[in-house]
Every structure is written in structure tokens, then in C-alpha cells.
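Q: Take this structure first; my questions come after.
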Amino acid sequence: MIDDSINYDYIIRYLRDLLPKREGLPYELEQFAKEYGVPISQPETMKFLEVLICLGRVKTVLEVGCAIGYSAINFCLAGAEKVDTVELSPDAARVARKNFETAGLSHRITLFEGDAKEILPTLTGAYDMIFMDAAKAQYQEFFPHCMRLLKKGGLLVSDNVLYKGMTATDELVERRKITIVKRLRGYLTMLSEHEELETSVLPLGDGVALSYKKI
Ligand SMILES: C[S@@+](CC[C@H](N)C(=O)[O-])C[C@H]1O[C@@H](n2cnc3c(N)ncnc32)[C@H](O)[C@@H]1O
């Protein structure tokens with residue numbers, strides 16, 4: 001299994017071969033992430049998010065889970081005007097800040113350092129897109145804040161929701177992951193049944209839920 005993706009290796013390799021090779025800082029960040037084991041968005045998921053931004057309606061983005069700033073930088077390069085991003089790890093936040101400076105994007109990306117549980121309730125912006133990409137077991141806890149902060153007509157994109165396939169079948173569930181898997185299942189049921197959302201769960205990367213806020 002490549003990069004914890006839920007798809008067959010030959011499909012992933014083919015999809016990735018189709019993607020234009022990244023250059024400059026995004027490429028360097030991919031190499032850094034590989035070398036130091038930093039979890040960043042998988043190439044095909046990153047491209048999907050960029051296409052959503054390219055559609056033109058996404059100008060403001062909130063990201064829950066910044067890591068070293070790879071996705072936040074790519075959001076801006078794809079056309080987002082303003083990105084707010086939250087990161088718990090001080091080490092990752094320090095590297096991300098440096099990367100935003102190197103990219104010349106510090107004026108467009110604001111990094112909130114700390115636990116999203118504490119930071120999200122303090123935010124007041126209205127966002128066109130929210131990218132949920134932090135601790136999977138906490139998505140449900142972050143969700144009410146995301147709904148409050150998401151504009152009508154906005155997109156909530158939740159990553160890693162199929163969690164190496166474990167969300168879909170008990171046969172794959174590792175014992176120590178049972179709680180996370182149960183919470184992800186609850187989260188996906190909640191998204192799918194939510195009357196204010198239209199949700200499609202895509203078997204892309206490690207599983208991506210795309211939710212459109214109708215009301
Ligand atoms: C998958 S990585 C984010 C990758 C990033 N979005 C990208 O694609 O480049 C998840 C990040 O979420 C952070 N995180 C985990 N729990 C968090 C929380 N409660 N609040 C804020 N950040 C959190 C982790 O430290 C980690 O850096």
C-alpha cells in the first residue's frame with residue numbers, strides 16, 4: 001500500500017504519473033516531508049483541492065492541521081487569497097512559518113499555533129472552504145465550529161476519512177485504532193445525514209469527504 005492510500009498501488013502510480021511534477025518550494029517540501037516523515041496531503045488529494053480552488057469560488061480557506069505548510073502554500077498558489085491555518089505542534093508551526101516566508105506568502109497565510117479545540121471557537125471569519133486535516137478522532141469535535149465558520153455555498157473537505165480502509169470494514173481494523181475508526185464512522189454518518197450538507201465520500205488518497213453547505 002503506497003502512502004496509506006486505500007487504492008491499489010498500480011492505480012496510485014498511474015494517477016501520480018499523470019500529475020505534473022511539482023517544482024520549487026512545493027517540491028522541496030515534498031522531499032522534506034518524505035525525509036522527516038511529516039504527514040502531508042497525498043499528491044492526488046492535493047491536486048483535487050487545487051482544482052476546487054481553481055473553480056474560482058474559493059478565495060478564503062481555513063485549514064485544521066497545517067504541519068509544515070505544504071497544503072496552505074499550494075492553496076495560495078492555486079488562487080486562494082487568504083488562508084488561515086491551525087497547528088498544534090510548535091516544531092511544525094516554526095517550520096511552516098519559515099516556509100511561508102520563503103514562499104513570500106506570510107501576508108496571505110495566518111498560522112494559529114495551538115490546539116484547534118481551543119482556537120476554532122475564537123475564530124470569526126467566514127470561509128469559502130475548510131480543510132479538515134488534523135487528528136481524525138477529533139473531527140466530530142471540530143465540526144460544529146467548522147459549520148459556524150463556513151459560508152453558505154462553502155465546501156468542507158475532510159481528509160483521511162477512510163483511514164486505510166478501516167472505516168469501511170472491520171476486517172482491516174487494527175485493535176489500537178478501534179476508537180478512531182468508530183469516531184470516523186460516526187463522523188461520516190453525521191456528514192451524510194446532515195440536513196444542511198450535501199456530502200460525497202470519495203475513495204481518493206486515504207478517503208476524502210466533500211461536503212457542500214446548502215443553508
Ligand atoms: C496530516 S497533517 C497536516 C498536513 C497538511 N494539511 C498538509 O497537507 O500539508 C496533520 C497535522 O495536524 C496537527 N494536529 C493534530 N491535532 C491537532 C489539533 N488538535 N489542533 C491543531 N493541529 C493538530 C498535527 O500536528 C499535524 O501536523
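In the C-alpha cells, chains take letters A, B, ... by order of appearance, with residues numbered from 1 within each chain and ligands from 1 in the order shown.
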Enumerate as number ranges by chain the residues within 6 Å of ligand 1, counting only C-alpha atoms and all ligand atoms.
A: A: 39-41, 65-67, 69-71, 86-89, 114-117, 133-135
Q: Take the selection from the previous step and output its residues with N, CA and C atoms, as a PDB file, in the first residue's frame.
A:
```pdb
ATOM      1  N   PRO A  39       3.540  13.957   7.821  1.00  0.00           N
ATOM      2  CA  PRO A  39       2.368  13.603   7.003  1.00  0.00           C
ATOM      3  C   PRO A  39       1.819  14.837   6.275  1.00  0.00           C
ATOM      4  N   ILE A  40       1.886  14.797   4.951  1.00  0.00           N
ATOM      5  CA  ILE A  40       1.290  15.883   4.157  1.00  0.00           C
ATOM      6  C   ILE A  40       0.271  15.264   3.205  1.00  0.00           C
ATOM      7  N   SER A  41      -0.548  16.122   2.592  1.00  0.00           N
ATOM      8  CA  SER A  41      -1.589  15.614   1.694  1.00  0.00           C
ATOM      9  C   SER A  41      -0.964  14.791   0.571  1.00  0.00           C
ATOM     10  N   GLY A  65      -5.012  21.741  10.798  1.00  0.00           N
ATOM     11  CA  GLY A  65      -3.876  20.823  10.626  1.00  0.00           C
ATOM     12  C   GLY A  65      -2.962  21.312   9.524  1.00  0.00           C
ATOM     13  N   CYS A  66      -1.933  22.093   9.913  1.00  0.00           N
ATOM     14  CA  CYS A  66      -1.065  22.768   8.935  1.00  0.00           C
ATOM     15  C   CYS A  66       0.193  21.971   8.627  1.00  0.00           C
ATOM     16  N   ALA A  67       0.690  21.256   9.629  1.00  0.00           N
ATOM     17  CA  ALA A  67       2.018  20.602   9.542  1.00  0.00           C
ATOM     18  C   ALA A  67       3.052  21.643   9.109  1.00  0.00           C
ATOM     19  N   GLY A  69       3.115  23.405   6.370  1.00  0.00           N
ATOM     20  CA  GLY A  69       2.588  24.463   5.492  1.00  0.00           C
ATOM     21  C   GLY A  69       2.470  24.078   4.033  1.00  0.00           C
ATOM     22  N   TYR A  70       2.667  22.799   3.720  1.00  0.00           N
ATOM     23  CA  TYR A  70       2.644  22.351   2.312  1.00  0.00           C
ATOM     24  C   TYR A  70       1.299  22.660   1.647  1.00  0.00           C
ATOM     25  N   SER A  71       0.214  22.217   2.259  1.00  0.00           N
ATOM     26  CA  SER A  71      -1.092  22.430   1.619  1.00  0.00           C
ATOM     27  C   SER A  71      -1.476  23.908   1.626  1.00  0.00           C
ATOM     28  N   VAL A  86      -4.305  26.156  11.317  1.00  0.00           N
ATOM     29  CA  VAL A  86      -4.124  25.880  12.748  1.00  0.00           C
ATOM     30  C   VAL A  86      -3.166  24.700  12.911  1.00  0.00           C
ATOM     31  N   GLU A  87      -2.200  24.845  13.817  1.00  0.00           N
ATOM     32  CA  GLU A  87      -1.248  23.739  14.045  1.00  0.00           C
ATOM     33  C   GLU A  87      -0.912  23.624  15.528  1.00  0.00           C
ATOM     34  N   LEU A  88      -0.989  22.396  16.007  1.00  0.00           N
ATOM     35  CA  LEU A  88      -0.745  22.098  17.423  1.00  0.00           C
ATOM     36  C   LEU A  88       0.744  22.008  17.765  1.00  0.00           C
ATOM     37  N   SER A  89       1.515  21.432  16.855  1.00  0.00           N
ATOM     38  CA  SER A  89       2.930  21.176  17.172  1.00  0.00           C
ATOM     39  C   SER A  89       3.764  22.444  16.975  1.00  0.00           C
ATOM     40  N   GLY A 114      -1.559  26.181  18.212  1.00  0.00           N
ATOM     41  CA  GLY A 114      -2.243  25.671  19.398  1.00  0.00           C
ATOM     42  C   GLY A 114      -3.232  24.594  19.012  1.00  0.00           C
ATOM     43  N   ASP A 115      -4.026  24.175  19.994  1.00  0.00           N
ATOM     44  CA  ASP A 115      -4.997  23.108  19.784  1.00  0.00           C
ATOM     45  C   ASP A 115      -6.243  23.672  19.094  1.00  0.00           C
ATOM     46  N   ALA A 116      -6.626  23.049  17.989  1.00  0.00           N
ATOM     47  CA  ALA A 116      -7.799  23.525  17.246  1.00  0.00           C
ATOM     48  C   ALA A 116      -9.048  23.576  18.137  1.00  0.00           C
ATOM     49  N   LYS A 117      -9.080  22.695  19.141  1.00  0.00           N
ATOM     50  CA  LYS A 117     -10.229  22.689  20.064  1.00  0.00           C
ATOM     51  C   LYS A 117     -10.371  24.040  20.758  1.00  0.00           C
ATOM     52  N   ASP A 133      -7.927  18.435   8.429  1.00  0.00           N
ATOM     53  CA  ASP A 133      -6.794  17.531   8.188  1.00  0.00           C
ATOM     54  C   ASP A 133      -5.923  17.407   9.446  1.00  0.00           C
ATOM     55  N   ALA A 134      -6.586  17.344  10.617  1.00  0.00           N
ATOM     56  CA  ALA A 134      -5.820  17.181  11.861  1.00  0.00           C
ATOM     57  C   ALA A 134      -6.157  15.824  12.475  1.00  0.00           C
ATOM     58  N   ALA A 135      -6.168  15.742  13.799  1.00  0.00           N
ATOM     59  CA  ALA A 135      -6.410  14.452  14.460  1.00  0.00           C
ATOM     60  C   ALA A 135      -7.792  13.909  14.075  1.00  0.00           C
TER      61      ALA A 135
END
```
Q: Which residues are close to A:Thr169, i.e. within 12 Å by only C-alpha atoms, leaving aside same-chain residues fewer than 4 positions away? Reply as a list in words.
A: Leu162, Tyr163, Lys164, Gly165, Val173, Glu174, Ile178, Val181, Lys182 and Arg185 of chain A
Q: Based on the backbone DSSP call, show me all residues of chain A assigned alpha helix (DSSP H), as a PyMOL selection string.
A: chain A and resi 9-18+24-36+43-54+70-78+90-102+116-119+139-149+178-193
Q: What's the 12 Å shell around A:Val201, counting only C-alpha atoms, without same-chain residues fewer than 4 positions away, as a VMD selection string?
A: chain A and resid 156 to 162 167 to 168 185 187 to 189 191 to 192 205 to 212
Q: Give me the residues near A:Ala78 as a CSV table (one decimal) with C-alpha atoms, in the first residue's frame, where near means some atom within 10 Å (using only C-alpha atoms) and where sequence neighbours in that chain fewer than 2 positions away do not count.
A:
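Output saved as selection36.csv:
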```csv
chain,number,residue,atom,x,y,z
A,47,LYS,CA,-4.5,18.2,-6.8
A,49,LEU,CA,-8.1,20.5,-3.6
A,50,GLU,CA,-6.3,22.8,-6.1
A,51,VAL,CA,-9.0,22.0,-8.7
A,52,LEU,CA,-11.7,23.0,-6.2
A,53,ILE,CA,-9.9,26.3,-5.7
A,54,CYS,CA,-9.3,26.8,-9.4
A,55,LEU,CA,-13.1,26.6,-10.0
A,56,GLY,CA,-12.9,30.2,-8.8
A,58,VAL,CA,-12.8,29.6,-3.2
A,59,LYS,CA,-11.0,32.8,-2.0
A,72,ALA,CA,-1.5,26.1,2.8
A,73,ILE,CA,1.2,27.2,0.3
A,74,ASN,CA,-0.4,25.1,-2.5
A,75,PHE,CA,-3.8,26.7,-1.7
A,76,CYS,CA,-2.4,30.1,-2.3
A,80,ALA,CA,-6.8,31.3,-2.7
A,81,GLU,CA,-6.4,34.9,-1.5
```
Q: Name the closest residue to A:Thr102 among the candidates A:Leu197, A:Leu202, A:Leu29, A:Met190; distances are taken between atoms, counting only C-alpha atoms.
A: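 Nearest to A:Thr102: A:Leu29.
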